[in-house]
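So this one's start.pdb, PDB, C-alpha atoms:
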MODEL        1
ATOM      1  CA  THR C   1     108.265  57.184 125.641
ATOM      2  CA  SER C   2     110.721  60.052 125.430
ATOM      3  CA  CYS C   3     112.692  61.380 122.499
ATOM      4  CA  GLY C   4     116.031  63.136 122.654
ATOM      5  CA  GLY C   5     118.356  64.981 120.352
ATOM      6  CA  LEU C   6     118.052  68.240 118.513
ATOM      7  CA  ARG C   7     118.572  66.675 115.093
ATOM      8  CA  GLY C   8     115.480  64.539 115.334
ATOM      9  CA  ASP C   9     117.272  61.347 116.327
ATOM     10  CA  ALA C  10     114.855  59.577 118.645
ATOM     11  CA  LEU C  11     115.762  57.636 121.743
ATOM     12  CA  ARG C  12     112.752  55.716 122.937
ATOM     13  CA  GLN C  13     112.447  54.672 126.520
ATOM     14  CA  VAL C  14     109.465  53.089 128.213
ATOM     15  CA  VAL C  15     108.925  54.956 131.471
ATOM     16  CA  TYR C  16     105.857  52.984 132.587
ATOM     17  CA  GLY C  17     104.416  49.890 130.973
ATOM     18  CA  SER C  18     102.191  46.956 131.851
ATOM     19  CA  ASN C  19     105.303  44.756 132.105
ATOM     20  CA  SER C  20     106.874  46.977 134.789
ATOM     21  CA  THR C  21     103.892  48.131 136.877
ATOM     22  CA  ASN C  22     100.398  46.851 137.515
ATOM     23  CA  GLN C  23      99.057  50.432 137.305
ATOM     24  CA  VAL C  24      99.130  50.507 133.481
ATOM     25  CA  SER C  25      96.142  48.974 131.718
ATOM     26  CA  SER C  26      95.465  50.188 128.170
ATOM     27  CA  PRO C  27      96.134  53.865 128.878
ATOM     28  CA  ALA C  28      93.962  56.299 126.954
ATOM     29  CA  GLY C  29      94.723  59.914 127.760
ATOM     30  CA  VAL C  30      98.246  60.938 128.719
ATOM     31  CA  ALA C  31      99.446  64.288 130.059
ATOM     32  CA  ALA C  32     102.721  65.438 131.603
ATOM     33  CA  ASP C  33     104.178  68.377 133.454
ATOM     34  CA  ALA C  34     107.773  69.022 134.538
ATOM     35  CA  PHE C  35     107.595  66.402 137.287
ATOM     36  CA  ALA C  36     105.062  63.694 136.540
ATOM     37  CA  VAL C  37     103.164  61.836 133.873
ATOM     38  CA  TYR C  38      99.428  61.174 134.237
ATOM     39  CA  TRP C  39      97.362  58.580 132.401
ATOM     40  CA  ALA C  40      93.906  57.010 132.382
ATOM     41  CA  ASN C  41      93.344  53.255 132.418
ATOM     42  CA  THR C  42      90.622  51.750 130.242
ATOM     43  CA  GLN C  43      90.983  47.975 130.570
ATOM     44  CA  ALA C  44      91.727  45.651 133.499
ATOM     45  CA  SER C  45      89.046  45.046 136.071
ATOM     46  CA  GLY C  46      89.688  47.150 139.145
ATOM     47  CA  GLN C  47      91.722  49.650 137.107
ATOM     48  CA  VAL C  48      89.114  50.922 134.657
ATOM     49  CA  GLY C  49      88.483  54.563 135.470
ATOM     50  CA  ASP C  50      91.791  55.025 137.287
ATOM     51  CA  VAL C  51      93.737  58.192 136.658
ATOM     52  CA  VAL C  52      97.322  57.521 137.687
ATOM     53  CA  ARG C  53     100.343  59.743 138.417
ATOM     54  CA  GLY C  54     103.944  58.571 138.185
ATOM     55  CA  LEU C  55     107.271  60.372 138.246
ATOM     56  CA  GLU C  56     108.369  61.683 134.852
ATOM     57  CA  ARG C  57     111.594  59.720 135.131
ATOM     58  CA  SER C  58     111.778  56.635 137.296
ATOM     59  CA  THR C  59     114.138  53.854 138.198
ATOM     60  CA  ALA C  60     113.171  50.201 138.269
ATOM     61  CA  ALA C  61     112.652  50.467 142.037
ATOM     62  CA  GLU C  62     110.252  53.401 141.572
ATOM     63  CA  LYS C  63     108.014  51.701 138.987
ATOM     64  CA  GLU C  64     105.564  50.700 141.703
ATOM     65  CA  ASN C  65     105.733  54.176 143.267
ATOM     66  CA  VAL C  66     102.772  55.467 141.299
ATOM     67  CA  THR C  67      99.616  56.994 142.742
ATOM     68  CA  VAL C  68      96.044  56.337 141.691
ATOM     69  CA  LEU C  69      94.444  59.779 141.932
ATOM     70  CA  PRO C  70      90.717  59.039 141.689
ATOM     71  CA  ARG C  71      88.904  55.841 140.837
ATOM     72  CA  VAL C  72      85.529  56.329 139.239
ATOM     73  CA  SER C  73      83.073  53.862 137.809
ATOM     74  CA  THR C  74      83.547  54.126 134.043
ATOM     75  CA  ALA C  75      86.532  54.323 131.730
ATOM     76  CA  ALA C  76      88.517  57.540 131.811
ATOM     77  CA  LEU C  77      89.522  58.719 128.331
ATOM     78  CA  GLY C  78      91.044  62.180 127.936
ATOM     79  CA  VAL C  79      93.471  63.620 130.488
ATOM     80  CA  CYS C  80      94.757  67.188 130.656
ATOM     81  CA  LEU C  81      96.482  69.398 133.200
ATOM     82  CA  ALA C  82      95.680  72.984 134.120
ATOM     83  CA  MET C  83      97.800  74.559 136.843
ATOM     84  CA  ASP C  84      97.336  72.329 139.952
ATOM     85  CA  ASN C  85      94.415  70.417 138.447
ATOM     86  CA  VAL C  86      94.059  67.196 136.499
ATOM     87  CA  TYR C  87      90.930  66.986 134.348
ATOM     88  CA  PHE C  88      89.680  63.791 132.742
ATOM     89  CA  THR C  89      86.726  62.809 130.620
ATOM     90  CA  GLN C  90      84.636  59.698 131.064
ATOM     91  CA  THR C  91      82.329  57.711 128.858
ATOM     92  CA  ASP C  92      79.380  58.560 131.134
ATOM     93  CA  ARG C  93      78.873  62.188 129.981
ATOM     94  CA  ARG C  94      81.092  63.654 132.680
ATOM     95  CA  LEU C  95      84.247  65.684 133.037
ATOM     96  CA  TYR C  96      85.977  65.311 136.383
ATOM     97  CA  GLY C  97      88.699  67.261 138.113
ATOM     98  CA  VAL C  98      91.129  66.283 140.847
ATOM     99  CA  LYS C  99      94.103  68.065 142.360
ATOM    100  CA  LYS C 100      97.541  66.913 141.177
ATOM    101  CA  ALA C 101      98.323  66.038 144.790
ATOM    102  CA  GLY C 102      95.311  63.695 144.843
ATOM    103  CA  GLY C 103      91.988  63.703 146.648
ATOM    104  CA  SER C 104      88.411  63.109 145.625
ATOM    105  CA  ALA C 105      87.261  63.540 142.056
ATOM    106  CA  VAL C 106      84.824  66.409 141.524
ATOM    107  CA  ILE C 107      82.273  66.461 138.706
ATOM    108  CA  VAL C 108      83.067  69.620 136.746
ATOM    109  CA  THR C 109      80.160  69.015 134.372
ATOM    110  CA  ASP C 110      77.797  66.209 133.409
ATOM    111  CA  ARG C 111      76.392  67.967 130.345
ATOM    112  CA  PHE C 112      78.447  66.213 127.683
ATOM    113  CA  MET C 113      77.270  63.322 125.560
ATOM    114  CA  LYS C 114      80.527  61.565 124.595
ATOM    115  CA  PRO C 115      83.426  63.643 125.966
ATOM    116  CA  ARG C 116      86.828  62.602 124.674
ATOM    117  CA  GLY C 117      90.124  64.538 124.661
ATOM    118  CA  CYS C 118      90.919  67.753 126.496
ATOM    119  CA  ALA C 119      93.694  70.358 126.458
ATOM    120  CA  TRP C 120      94.675  73.442 128.464
ATOM    121  CA  ASP C 121      95.758  76.608 126.640
ATOM    122  CA  GLY C 122      98.357  77.624 129.241
ATOM    123  CA  ILE C 123      96.401  80.712 130.252
ATOM    124  CA  GLY C 124      93.296  79.401 131.991
ATOM    125  CA  THR C 125      90.941  77.794 129.482
ATOM    126  CA  VAL C 126      90.432  74.051 129.101
ATOM    127  CA  TYR C 127      88.981  72.759 125.815
ATOM    128  CA  VAL C 128      87.040  69.481 125.622
ATOM    129  CA  ALA C 129      86.063  67.569 122.476
ATOM    130  CA  ASP C 130      82.611  65.992 122.599
ATOM    131  CA  GLN C 131      82.151  63.381 119.907
ATOM    132  CA  GLY C 132      78.433  62.969 120.616
ATOM    133  CA  LEU C 133      77.565  66.683 120.575
ATOM    134  CA  HIS C 134      79.865  67.315 117.576
ATOM    135  CA  ALA C 135      81.606  70.265 119.181
ATOM    136  CA  VAL C 136      84.562  71.539 121.173
ATOM    137  CA  PHE C 137      83.614  73.178 124.470
ATOM    138  CA  SER C 138      85.600  75.324 126.885
ATOM    139  CA  PHE C 139      85.593  76.310 130.542
ATOM    140  CA  ALA C 140      87.789  78.195 133.013
ATOM    141  CA  GLY C 141      90.160  75.479 134.202
ATOM    142  CA  GLY C 142      92.461  77.348 136.566
ATOM    143  CA  MET C 143      90.188  76.697 139.551
ATOM    144  CA  ARG C 144      91.699  76.987 142.985
ATOM    145  CA  ASP C 145      88.887  74.906 144.457
ATOM    146  CA  LEU C 146      87.409  72.379 142.054
ATOM    147  CA  SER C 147      83.682  72.793 141.497
ATOM    148  CA  PRO C 148      81.062  72.551 138.747
ATOM    149  CA  ALA C 149      81.887  74.912 135.872
ATOM    150  CA  GLN C 150      79.957  76.751 133.190
ATOM    151  CA  ILE C 151      80.864  75.233 129.814
ATOM    152  CA  THR C 152      80.669  77.140 126.546
ATOM    153  CA  LYS C 153      80.481  75.778 123.006
ATOM    154  CA  THR C 154      83.631  77.027 121.252
ATOM    155  CA  VAL C 155      83.114  75.496 117.835
ATOM    156  CA  GLU C 156      80.866  72.944 116.141
ATOM    157  CA  LEU C 157      82.886  70.109 114.668
ATOM    158  CA  GLU C 158      81.436  66.846 113.415
ATOM    159  CA  ASP C 159      82.771  63.802 115.282
ATOM    160  CA  ALA C 160      85.132  65.891 117.474
ATOM    161  CA  PHE C 161      87.462  63.443 119.189
ATOM    162  CA  ASP C 162      90.470  65.260 120.612
ATOM    163  CA  VAL C 163      92.016  68.697 120.975
ATOM    164  CA  ALA C 164      95.519  70.047 121.474
ATOM    165  CA  ILE C 165      97.091  73.444 121.790
ATOM    166  CA  TYR C 166      99.476  73.789 118.879
ATOM    167  CA  SER C 167     101.940  76.325 120.211
ATOM    168  CA  GLN C 168     102.517  78.793 123.010
ATOM    169  CA  ALA C 169     102.920  81.348 120.219
ATOM    170  CA  PHE C 170      99.145  81.228 119.887
ATOM    171  CA  ARG C 171      98.466  82.148 123.523
ATOM    172  CA  LEU C 172      96.428  85.210 122.614
ATOM    173  CA  ARG C 173      94.604  83.293 119.892
ATOM    174  CA  SER C 174      94.426  79.872 121.566
ATOM    175  CA  GLY C 175      90.758  79.402 120.641
ATOM    176  CA  ILE C 176      91.699  79.793 116.984
ATOM    177  CA  ALA C 177      94.583  77.323 117.403
ATOM    178  CA  VAL C 178      92.285  74.711 118.936
ATOM    179  CA  VAL C 179      89.710  75.133 116.185
ATOM    180  CA  LEU C 180      92.313  74.897 113.429
ATOM    181  CA  LEU C 181      93.998  71.856 114.939
ATOM    182  CA  ALA C 182      90.701  70.076 115.545
ATOM    183  CA  ALA C 183      89.630  70.763 111.962
ATOM    184  CA  LEU C 184      92.999  69.582 110.613
ATOM    185  CA  VAL C 185      92.807  66.354 112.615
ATOM    186  CA  ARG C 186      89.312  65.759 111.273
ATOM    187  CA  LEU C 187      90.410  66.341 107.664
ATOM    188  CA  ILE C 188      93.402  63.989 107.754
ATOM    189  CA  GLY C 189      91.871  61.459 110.202
TER     190      GLY C 189
ENDMDL
END
Let me see the structure of the file written as structure tokens.
Amino acid sequence: TSCGGLRGDALRQVVYGSNSTNQVSSPAGVAADAFAVYWANTQASGQVGDVVRGLERSTAAEKENVTVLPRVSTAALGVCLAMDNVYFTQTDRRLYGVKKAGGSAVIVTDRFMKPRGCAWDGIGTVYVADQGLHAVFSFAGGMRDLSPAQITKTVELEDAFDVAIYSQAFRLRSGIAVVLLAALVRLIG
């Protein structure tokens, strides 16, 4: 869905949906850059665990021109982008990474309990919410070559489910922005 207009008037448009492509099956995490949209499938047999890339804007003829990046065994949940990398969490304690161009999925870490959402701060750090460990963790996400990473607990937060970077204005204080947003989501959720 995209919104247009500076006055807040919304124009909704379905770019990809289960009615227009067989590569959409109860998407969980969604991320986008200037060219493509990425999502994780959580439902249909044969599509659970898929992380898919499609053009940001597509015509009816291009709806099937989507690429399954990696297919792994359990449901993918959170999806985030960091430079040339796509990171995604899974219900099996793992965080994976794959290049935006595709290729094999690499286990970045298997030390989570229930990893959920993730977000990149625009500088180099990726934050991951772990609902089971009740914390938000971070790691250096601007990897040239994907490999296992050292994760660090950024903040303890009961039932942490998702994270987001609030604004580029917080670049120098992105850790604070993540903590504040995660706490706010928890309070109103």
> Which residues come within 6 Å of Gly54 in chain C, counting only C-alpha atoms, excluding same-chain residues fewer than 5 positions away, as a PyMOL selection string?
Replying inline: chain C and resi 36-37+66
Would you put the residues from that selection into a file with C-alpha atoms, as a short mmCIF file (atom, residue, chain, number, x, y, z; two decimals), in the coordinates of the input?
data_model
loop_
_atom_site.label_atom_id
_atom_site.label_comp_id
_atom_site.auth_asym_id
_atom_site.auth_seq_id
_atom_site.Cartn_x
_atom_site.Cartn_y
_atom_site.Cartn_z
CA ALA C 36 105.06 63.69 136.54
CA VAL C 37 103.16 61.84 133.87
CA VAL C 66 102.77 55.47 141.30
#
>> Applying the PyMOL selection byres ((chain C and resi 69-82) around 6) to the file I just gave you, which residues come out? Please list them as a list in words.
In response: Ala28, Gly29, Val30, Ala31, Ala40, Thr42, Val48, Gly49, Asp50, Val51, Val52, Thr67, Val68, Met83, Asn85, Val86, Tyr87, Phe88, Thr89, Gln90, Gly102, Ala105, Arg116, Gly117, Cys118, Ala119, Trp120 and Gly142 of chain C
> Rounded to one decimal in Å, what is the spacing between CA of Trp39 in chain C and CA of Ala101 in chain C?
Replying inline: 14.5 Å
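Note that CA of Val126 in chain C and CA of Val106 in chain C are 15.6 Å apart.
Atom pair CA of Lys99 in chain C / CA of Ser147 in chain C has a distance of 11.5 Å (rounded to one decimal).
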Axis-aligned box for all listed atoms of range 67-81 of chain C, 4 Å per side, centre and edges in Å to one decimal, as JSON:
{"center_x": 91.3, "center_y": 61.6, "center_z": 135.3, "size_x": 24.5, "size_y": 23.5, "size_z": 22.8}
